[in-house]
file run28.txt (compact mmCIF, C-alpha atoms)
# COMPACT_ATOMS: atom_id res chain seq x y z
CA MET A 1 11.42 -2.50 5.24
CA LYS A 2 11.13 0.67 7.33
CA LYS A 3 12.46 2.75 4.44
CA LEU A 4 9.87 1.25 2.12
CA ILE A 5 7.06 2.08 4.55
CA LEU A 6 8.35 5.64 4.98
CA ILE A 7 8.56 6.15 1.21
CA PHE A 8 5.02 4.79 0.77
CA ALA A 9 3.68 7.04 3.55
CA PHE A 10 5.42 10.08 2.04
CA LEU A 11 3.99 9.37 -1.41
CA THR A 12 0.49 8.87 0.00
CA VAL A 13 0.62 12.19 1.86
CA ASN A 14 2.05 13.91 -1.20
CA ILE A 15 -0.68 12.57 -3.50
CA THR A 16 -3.41 13.62 -1.05
CA ALA A 17 -1.92 17.09 -0.66
CA ASN A 18 -1.66 17.53 -4.42
CA ALA A 19 -5.26 16.42 -4.93
CA GLN A 20 -6.63 19.39 -3.01
CA ALA A 21 -7.59 22.46 -4.99
CA LYS A 22 -6.66 25.96 -3.97
CA VAL A 23 -9.41 28.43 -3.10
CA LEU A 24 -10.10 31.40 -5.38
CA THR A 25 -11.46 34.59 -3.78
CA SER A 26 -13.34 37.41 -5.45
CA VAL A 27 -15.42 40.39 -4.31
CA ASN A 28 -18.16 42.08 -6.35
CA GLU A 29 -17.84 45.73 -7.39
CA ALA A 30 -20.00 47.02 -4.53
CA GLY A 31 -17.85 45.10 -2.06
CA ASP A 32 -20.78 43.49 -0.27
CA VAL A 33 -20.51 39.93 -1.62
CA ALA A 34 -17.37 37.81 -1.46
CA THR A 35 -17.11 34.53 -3.35
CA PHE A 36 -14.85 31.65 -2.35
CA GLU A 37 -14.63 28.67 -4.70
CA LEU A 38 -12.29 25.85 -5.64
CA ASP A 39 -9.88 26.59 -8.46
CA CYS A 40 -11.29 24.69 -11.43
CA THR A 41 -9.44 26.65 -14.10
CA SER A 42 -7.44 23.62 -15.20
CA LYS A 43 -9.78 20.81 -14.08
CA PHE A 44 -12.64 20.03 -11.75
CA GLN A 45 -12.11 17.95 -8.62
CA THR A 46 -13.23 14.32 -8.90
CA LEU A 47 -15.89 12.98 -6.54
CA ALA A 48 -16.34 9.61 -8.26
CA LYS A 49 -15.54 8.15 -11.66
CA GLY A 50 -17.47 10.28 -14.13
CA LEU A 51 -18.57 12.78 -11.45
CA ARG A 52 -16.73 16.03 -10.84
CA TYR A 53 -17.52 18.93 -8.51
CA ASN A 54 -16.91 22.47 -7.37
CA ILE A 55 -17.78 24.04 -4.01
CA THR A 56 -18.72 27.72 -3.76
CA ARG A 57 -19.36 29.94 -0.75
CA HIS A 58 -20.98 33.35 -1.10
CA GLU A 59 -20.44 35.60 1.90
CA PHE A 60 -22.87 38.50 2.13
CA ARG A 61 -21.58 41.38 4.20
CA GLY A 62 -23.98 43.49 6.20
CA PRO A 63 -26.06 43.07 9.33
CA GLU A 64 -26.73 39.37 8.70
CA MET A 65 -23.26 38.22 7.56
CA LYS A 66 -24.98 35.32 5.87
CA ASN A 67 -23.08 32.61 3.99
CA THR A 68 -24.52 30.33 1.32
CA TYR A 69 -22.80 27.15 0.18
CA ARG A 70 -23.36 25.33 -3.11
CA LEU A 71 -22.02 22.06 -4.50
CA LEU A 72 -21.91 21.97 -8.31
CA LEU A 73 -21.97 18.42 -9.68
CA VAL A 74 -20.88 17.75 -13.26
CA MET A 75 -21.52 14.34 -14.79
CA ASP A 76 -19.09 13.43 -17.58
CA GLY A 77 -20.86 12.35 -20.75
CA PHE A 78 -24.25 12.33 -19.05
CA TYR A 79 -26.94 13.36 -21.50
CA SER A 80 -30.45 12.12 -20.95
CA ASN A 81 -33.76 12.56 -22.69
CA THR A 82 -36.29 12.52 -19.88
CA LEU A 83 -40.06 12.54 -20.14
CA ASN A 84 -40.47 14.97 -17.23
CA ASN A 85 -39.68 18.67 -17.18
CA THR A 86 -37.63 18.20 -13.98
CA MET A 87 -35.37 15.50 -12.65
CA SER A 88 -33.76 15.00 -9.25
CA ILE A 89 -30.25 14.42 -8.03
CA SER A 90 -29.69 12.88 -4.58
CA ALA A 91 -26.60 12.77 -2.38
CA VAL A 92 -26.80 9.96 0.21
CA LEU A 93 -24.83 10.64 3.39
CA SER A 94 -23.26 8.11 5.74
CA ASP A 95 -26.03 8.56 8.35
CA GLY A 96 -28.76 7.91 5.77
CA THR A 97 -29.67 11.56 5.21
CA VAL A 98 -30.51 12.35 1.59
CA LEU A 99 -29.88 15.78 0.03
CA VAL A 100 -32.07 16.28 -3.03
CA ALA A 101 -32.00 18.90 -5.77
CA LYS A 102 -34.47 19.29 -8.60
CA LYS A 103 -33.08 20.28 -11.98
CA THR A 104 -35.29 21.91 -14.58
CA ILE A 105 -34.76 20.28 -17.94
CA GLU A 106 -33.73 22.55 -20.79
CA GLU A 107 -36.34 23.67 -23.32
CA ASP A 108 -35.25 20.91 -25.70
CA GLY A 109 -36.08 18.22 -23.12
CA TYR A 110 -32.48 17.17 -22.46
CA PHE A 111 -30.49 17.24 -19.22
CA ASP A 112 -27.05 18.80 -19.70
CA GLY A 113 -25.23 16.90 -16.93
CA ALA A 114 -24.74 19.67 -14.36
CA CYS A 115 -26.67 20.38 -11.18
CA THR A 116 -26.20 22.46 -8.04
CA LEU A 117 -27.03 21.23 -4.54
CA LYS A 118 -27.46 23.77 -1.75
CA ILE A 119 -25.51 22.88 1.38
CA LYS A 120 -27.52 24.16 4.35
CA ASP A 121 -25.11 23.02 7.07
CA PRO A 122 -21.56 22.60 5.71
CA LYS A 123 -20.05 21.92 9.15
CA ALA A 124 -22.43 18.99 9.64
CA LEU A 125 -21.40 17.70 6.19
CA LEU A 126 -17.77 17.68 7.40
CA GLU A 127 -18.76 15.22 10.12
CA LYS A 128 -20.50 12.91 7.64
CA ASN A 129 -19.48 11.35 4.35
CA ILE A 130 -21.25 11.45 1.03
CA ASN A 131 -21.46 7.75 0.21
CA LYS A 132 -23.10 8.01 -3.19
CA VAL A 133 -24.77 10.38 -5.63
CA ILE A 134 -27.84 9.19 -7.53
CA ILE A 135 -29.13 10.79 -10.72
CA HIS A 136 -32.81 9.96 -11.21
CA ALA A 137 -33.29 10.11 -14.99
CA ASP A 138 -34.42 7.53 -17.56
CA LYS A 139 -32.88 5.08 -15.12
CA ASP A 140 -31.10 5.72 -11.81
CA VAL A 141 -27.38 6.32 -12.26
CA VAL A 142 -25.42 5.73 -9.04
CA TYR A 143 -21.95 7.17 -8.40
CA THR A 144 -20.18 5.57 -5.42
CA LEU A 145 -17.39 7.56 -3.75
CA SER A 146 -14.00 6.10 -2.80
CA GLU A 147 -12.49 6.72 0.63
CA GLN A 148 -9.72 8.85 -0.88
CA ASN A 149 -12.20 11.06 -2.76
CA LYS A 150 -14.29 11.45 0.42
CA ALA A 151 -11.20 12.65 2.31
CA VAL A 152 -10.21 15.13 -0.43
CA PHE A 153 -13.80 16.42 -0.60
CA LYS A 154 -13.83 17.01 3.17
CA LYS A 155 -10.51 18.86 3.02
CA ASN A 156 -11.71 21.02 0.12
CA LEU A 157 -14.99 21.78 1.94
CA SER A 158 -13.02 22.69 5.07
CA ASN A 159 -10.82 25.03 3.02
CA ILE A 160 -13.91 26.77 1.60
CA ILE A 161 -15.50 27.13 5.06
CA ASN A 162 -12.31 28.61 6.56
CA ALA A 163 -11.36 30.84 3.59
CA LYS A 164 -11.02 34.53 4.38
call {"tool": "encode", "arguments": {"input": "run28.txt", "output": "structure tokens"}}
result
Amino acid sequence: MKKLILIFAFLTVNITANAQAKVLTSVNEAGDVATFELDCTSKFQTLAKGLRYNITRHEFRGPEMKNTYRLLLVMDGFYSNTLNNTMSISAVLSDGTVLVAKKTIEEDGYFDGACTLKIKDPKALLEKNINKVIIHADKDVVYTLSEQNKAVFKKNLSNIINAK
């Protein structure tokens, strides 16, 4: 019985470790902006079924040493004809806070299924969980996150914050 529990624990840790993406680093030609992002060359990370993501940090060198963080959300197969020229995407956190981004609809009136949310305080986001993502289109589409995906997201966000 103990062996079975140890094997199960090892497999769980191994799966979680493999689910994390490595961080890619690049610097622009002038050398004043560094970019840290998850490696999505083979596939995007999964936040919920049908919802994938990438996290990017831009580090601006200079007197301010300012960092900006962005969360790119990609909805699989999501293509909506909306009546408005903008639509909103909301991320609902565990404490009830709602992060909202407005997406300008393409000239043809269709939403292409990708949106970027600005993360103003990434360290605060590490302390909270994203419980669900809501796309406000023709009808509200709700993506609910699993506990495993929340944990992988937090680890990936932590890796982006700490990348050098």
call {"tool": "residues_around", "arguments": {"input": "run28.txt", "residues": "stretch 87-97 of chain A", "least_positions_apart": "6", "cutoff": "6 Å", "atoms": "all atoms listed in the file", "output": "list in words"}}
result
Lys103, Lys128, Asn129, Ile130, Asn131, Lys132, Val133, Ile134, Ile135 and His136 of chain A
call {"tool": "atom_distance", "arguments": {"input": "run28.txt", "atom1": "atom CA of A:Lys118", "atom2": "atom CA of A:Ile161"}}
result
14.2 Å
call {"tool": "atom_distance", "arguments": {"input": "run28.txt", "atom1": "atom CA of A:Ala137", "atom2": "atom CA of A:Gln45"}}
result
23.5 Å
call {"tool": "atom_distance", "arguments": {"input": "run28.txt", "atom1": "atom CA of A:Val33", "atom2": "atom CA of A:Leu51"}}
result
28.9 Å
call {"tool": "closest_residue", "arguments": {"input": "run28.txt", "among": "A:Lys120, A:Arg52, A:Arg57, A:Lys139", "to": "A:Leu157", "atoms": "all atoms listed in the file"}}
result
A:Arg57
call {"tool": "closest_residue", "arguments": {"input": "run28.txt", "among": "A:Leu145, A:Ala101, A:Leu125, A:Ile119", "to": "A:Ser158", "atoms": "all atoms listed in the file"}}
result
A:Leu125
call {"tool": "axis_aligned_box", "arguments": {"input": "run28.txt", "around": "stretch 91-96 of chain A", "padding_each_side": "6 Å", "output": "AutoDock Vina command-line options"}}
result
--center_x -26.0 --center_y 10.3 --center_z 3.0 --size_x 17.5 --size_y 16.9 --size_z 22.7
call {"tool": "closest_residue", "arguments": {"input": "run28.txt", "among": "A:Asn156, A:Lys49, A:Lys164, A:Asn54", "to": "A:Val142", "atoms": "only C-alpha atoms"}}
result
A:Lys49
call {"tool": "residues_near_point", "arguments": {"input": "run28.txt", "point": "(-27.6, 26.3, -11.7)", "cutoff": "10 Å", "atoms": "only C-alpha atoms", "output": "PDB file with C-alpha atoms, in the frame of the given file"}}
result
ATOM      1  CA  ARG A  70     -23.360  25.330  -3.110  1.00  0.00           C
ATOM      2  CA  LEU A  72     -21.910  21.970  -8.310  1.00  0.00           C
ATOM      3  CA  LEU A  73     -21.970  18.420  -9.680  1.00  0.00           C
ATOM      4  CA  LYS A 103     -33.080  20.280 -11.980  1.00  0.00           C
ATOM      5  CA  THR A 104     -35.290  21.910 -14.580  1.00  0.00           C
ATOM      6  CA  ALA A 114     -24.740  19.670 -14.360  1.00  0.00           C
ATOM      7  CA  CYS A 115     -26.670  20.380 -11.180  1.00  0.00           C
ATOM      8  CA  THR A 116     -26.200  22.460  -8.040  1.00  0.00           C
ATOM      9  CA  LEU A 117     -27.030  21.230  -4.540  1.00  0.00           C
TER      10      LEU A 117
END
call {"tool": "closest_residue", "arguments": {"input": "run28.txt", "among": "A:Phe44, A:Thr56, A:Thr144, A:Thr86", "to": "A:Ala163", "atoms": "only C-alpha atoms"}}
result
A:Thr56
